[in-house]
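S.K.: File upload-v2.cif follows (mmCIF, C-alpha atoms):
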data_model
loop_
_atom_site.group_PDB
_atom_site.id
_atom_site.type_symbol
_atom_site.label_atom_id
_atom_site.label_comp_id
_atom_site.auth_asym_id
_atom_site.auth_seq_id
_atom_site.Cartn_x
_atom_site.Cartn_y
_atom_site.Cartn_z
ATOM 1 C CA MET A 1 -17.724 -10.012 -28.149
ATOM 2 C CA GLY A 2 -14.779 -12.330 -27.650
ATOM 3 C CA GLY A 3 -16.622 -14.267 -24.980
ATOM 4 C CA TYR A 4 -19.513 -14.923 -27.325
ATOM 5 C CA PHE A 5 -17.134 -15.939 -30.112
ATOM 6 C CA PHE A 6 -15.388 -18.498 -27.928
ATOM 7 C CA ALA A 7 -18.748 -19.590 -26.529
ATOM 8 C CA GLU A 8 -19.871 -20.414 -30.045
ATOM 9 C CA VAL A 9 -16.623 -22.251 -30.779
ATOM 10 C CA THR A 10 -16.698 -24.261 -27.539
ATOM 11 C CA GLY A 11 -20.471 -24.647 -27.333
ATOM 12 C CA SER A 12 -20.640 -23.216 -23.802
ATOM 13 C CA LEU A 13 -20.991 -19.681 -22.493
ATOM 14 C CA PHE A 14 -19.055 -20.650 -19.388
ATOM 15 C CA TYR A 15 -16.027 -21.880 -21.332
ATOM 16 C CA GLY A 16 -16.165 -18.991 -23.787
ATOM 17 C CA PHE A 17 -16.070 -16.326 -21.109
ATOM 18 C CA SER A 18 -13.576 -18.361 -19.060
ATOM 19 C CA ILE A 19 -11.157 -18.221 -21.978
ATOM 20 C CA ILE A 20 -11.467 -14.441 -22.105
ATOM 21 C CA ALA A 21 -11.011 -14.210 -18.330
ATOM 22 C CA GLY A 22 -7.906 -16.391 -18.615
ATOM 23 C CA ILE A 23 -6.475 -14.083 -21.252
ATOM 24 C CA TYR A 24 -7.016 -11.090 -18.961
ATOM 25 C CA VAL A 25 -5.384 -12.891 -16.021
ATOM 26 C CA PHE A 26 -2.414 -13.803 -18.243
ATOM 27 C CA LEU A 27 -2.037 -10.166 -19.336
ATOM 28 C CA LEU A 28 -2.274 -9.020 -15.712
ATOM 29 C CA ILE A 29 0.526 -11.389 -14.689
ATOM 30 C CA ILE A 30 2.735 -10.172 -17.537
ATOM 31 C CA PHE A 31 2.008 -6.554 -16.590
ATOM 32 C CA LEU A 32 2.883 -7.199 -12.941
ATOM 33 C CA LEU A 33 6.151 -8.907 -13.898
ATOM 34 C CA LEU A 34 7.174 -6.105 -16.249
ATOM 35 C CA ASN A 35 6.033 -3.477 -13.786
ATOM 36 C CA LYS A 36 8.970 -4.072 -11.479
ATOM 37 C CA GLN A 37 11.534 -4.017 -14.281
ATOM 38 C CA VAL A 38 10.349 -1.421 -16.763
ATOM 39 C CA LEU A 39 7.718 0.792 -15.227
ATOM 40 C CA SER A 40 9.477 1.296 -11.885
ATOM 41 C CA LYS A 41 12.352 3.098 -13.575
ATOM 42 C CA ARG A 42 10.002 5.356 -15.522
ATOM 43 C CA ILE A 43 7.941 6.213 -12.445
ATOM 44 C CA ASN A 44 11.080 6.924 -10.400
ATOM 45 C CA ASN A 45 12.455 9.184 -13.121
ATOM 46 C CA MET A 46 9.175 11.099 -13.366
ATOM 47 C CA VAL A 47 9.011 11.629 -9.596
ATOM 48 C CA ILE A 48 12.629 12.777 -9.472
ATOM 49 C CA LYS A 49 12.071 15.168 -12.379
ATOM 50 C CA ILE A 50 8.996 16.673 -10.706
ATOM 51 C CA PHE A 51 10.837 17.020 -7.395
ATOM 52 C CA PHE A 52 13.843 18.779 -8.925
ATOM 53 C CA GLU A 53 11.676 21.087 -11.043
ATOM 54 C CA ARG A 54 9.822 22.178 -7.902
ATOM 55 C CA SER A 55 13.064 22.529 -5.963
ATOM 56 C CA ALA A 56 14.576 24.715 -8.691
ATOM 57 C CA GLY A 57 11.448 26.884 -8.728
ATOM 58 C CA GLU A 58 11.507 27.256 -4.966
ATOM 59 C CA MET A 59 15.187 28.185 -5.039
ATOM 60 C CA GLU A 60 14.479 30.915 -7.594
ATOM 61 C CA LEU A 61 11.703 32.285 -5.378
ATOM 62 C CA ASN A 62 13.998 32.241 -2.351
ATOM 63 C CA ASN A 63 16.730 34.070 -4.278
ATOM 64 C CA GLU A 64 14.261 36.771 -5.323
ATOM 65 C CA ASP A 65 13.116 37.219 -1.725
ATOM 66 C CA ASP A 66 16.727 37.683 -0.552
ATOM 67 C CA GLU A 67 17.276 40.625 -2.893
#
Give the structure from this file in C-alpha coordinates form.
M.R.:
Amino acid sequence: MGGYFFAEVTGSLFYGFSIIAGIYVFLLIIFLLLNKQVLSKRINNMVIKIFFERSAGEMELNNEDDE
(Lines of atoms letter the chains of each structure in order from A and count residues from 1; the text may use other names and numbers.)
(Lines give C-alpha, C1' and ligand atoms only; values in the text may rest on other atoms or scores of the structure.)
Protein backbone atom coordinates (compact mmCIF):
# COMPACT_ATOMS: atom_id res chain seq x y z
CA MET A 1 0.00 0.00 0.00
CA GLY A 2 2.81 2.38 0.86
CA GLY A 3 4.46 1.81 -2.49
CA TYR A 4 1.29 2.78 -4.31
CA PHE A 5 0.86 5.84 -2.11
CA PHE A 6 4.36 7.09 -2.86
CA ALA A 7 3.91 6.14 -6.51
CA GLU A 8 0.91 8.43 -6.67
CA VAL A 9 2.79 11.23 -4.91
CA THR A 10 5.88 10.92 -7.12
CA GLY A 11 4.06 9.97 -10.32
CA SER A 12 6.15 6.82 -10.83
CA LEU A 13 5.74 3.26 -9.62
CA PHE A 14 9.50 2.82 -9.67
CA TYR A 15 10.14 5.77 -7.35
CA GLY A 16 7.23 4.90 -5.09
CA PHE A 17 8.40 1.36 -4.45
CA SER A 18 12.03 2.51 -4.29
CA ILE A 19 11.13 4.77 -1.39
CA ILE A 20 9.57 1.85 0.46
CA ALA A 21 12.61 -0.33 -0.30
CA GLY A 22 14.87 2.43 1.02
CA ILE A 23 12.89 2.58 4.24
CA TYR A 24 13.30 -1.18 4.69
CA VAL A 25 17.05 -0.98 4.01
CA PHE A 26 17.34 1.87 6.55
CA LEU A 27 15.48 -0.20 9.17
CA LEU A 28 17.70 -3.20 8.41
CA ILE A 29 20.85 -1.13 8.96
CA ILE A 30 19.51 0.21 12.27
CA PHE A 31 18.59 -3.33 13.35
CA LEU A 32 22.06 -4.63 12.48
CA LEU A 33 23.74 -1.81 14.40
CA LEU A 34 21.58 -2.33 17.48
CA ASN A 35 21.91 -6.08 17.21
CA LYS A 36 25.50 -6.05 18.41
CA GLN A 37 24.80 -3.75 21.34
CA VAL A 38 21.37 -4.69 22.64
CA LEU A 39 20.31 -8.04 21.30
CA SER A 40 23.65 -9.80 21.84
CA LYS A 41 23.37 -9.37 25.59
CA ARG A 42 19.81 -10.71 25.64
CA ILE A 43 20.70 -13.72 23.49
CA ASN A 44 23.76 -14.49 25.64
CA ASN A 45 21.70 -14.28 28.82
CA MET A 46 19.03 -16.59 27.40
CA VAL A 47 21.61 -19.18 26.32
CA ILE A 48 23.33 -19.05 29.70
CA LYS A 49 20.01 -19.41 31.52
CA ILE A 50 19.04 -22.43 29.40
CA PHE A 51 22.46 -24.02 29.93
CA PHE A 52 22.38 -23.62 33.71
CA GLU A 53 18.78 -24.84 33.98
CA ARG A 54 19.75 -28.01 32.10
CA SER A 55 22.91 -28.41 34.16
CA ALA A 56 20.95 -28.09 37.41
CA GLY A 57 18.43 -30.67 36.18
CA GLU A 58 21.19 -33.07 35.19
CA MET A 59 22.87 -32.65 38.57
CA GLU A 60 19.61 -33.51 40.34
CA LEU A 61 19.27 -36.64 38.20
CA ASN A 62 22.86 -37.64 38.96
CA ASN A 63 22.31 -37.14 42.70
CA GLU A 64 19.22 -39.36 42.59
CA ASP A 65 21.15 -42.09 40.77
CA ASP A 66 23.89 -42.03 43.43
CA GLU A 67 21.43 -42.80 46.21
S.K.: So the first atom is CA of Ala21 in chain A and the second is CA of Ala7 in chain A; what is the distance between them in Å, to one decimal place?
M.R.: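 It comes out at 12.5 Å.
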S.K.: Can you list, as a list in words, every protein, DNA or RNA residue that comes within 10 Å of Met1 in chain A when you count all atoms listed in the file, leaving out same-chain residues fewer than 5 positions away?
M.R.: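 Near Met1 in chain A, the qualifying residues are Phe6, Ala7, Phe17 and Ile20 of chain A.
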S.K.: Do you have the CA of Gly22 in chain A-CA of Ile43 in chain A distance handy?
M.R.: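 Taking CA of Gly22 in chain A and CA of Ile43 in chain A, their separation equals 28.3 Å.
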S.K.: What gap, in Å, lies between CA of Asn44 in chain A and CA of Leu27 in chain A?
M.R.: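 Computed distance, CA of Asn44 in chain A to CA of Leu27 in chain A, equals 23.3 Å.
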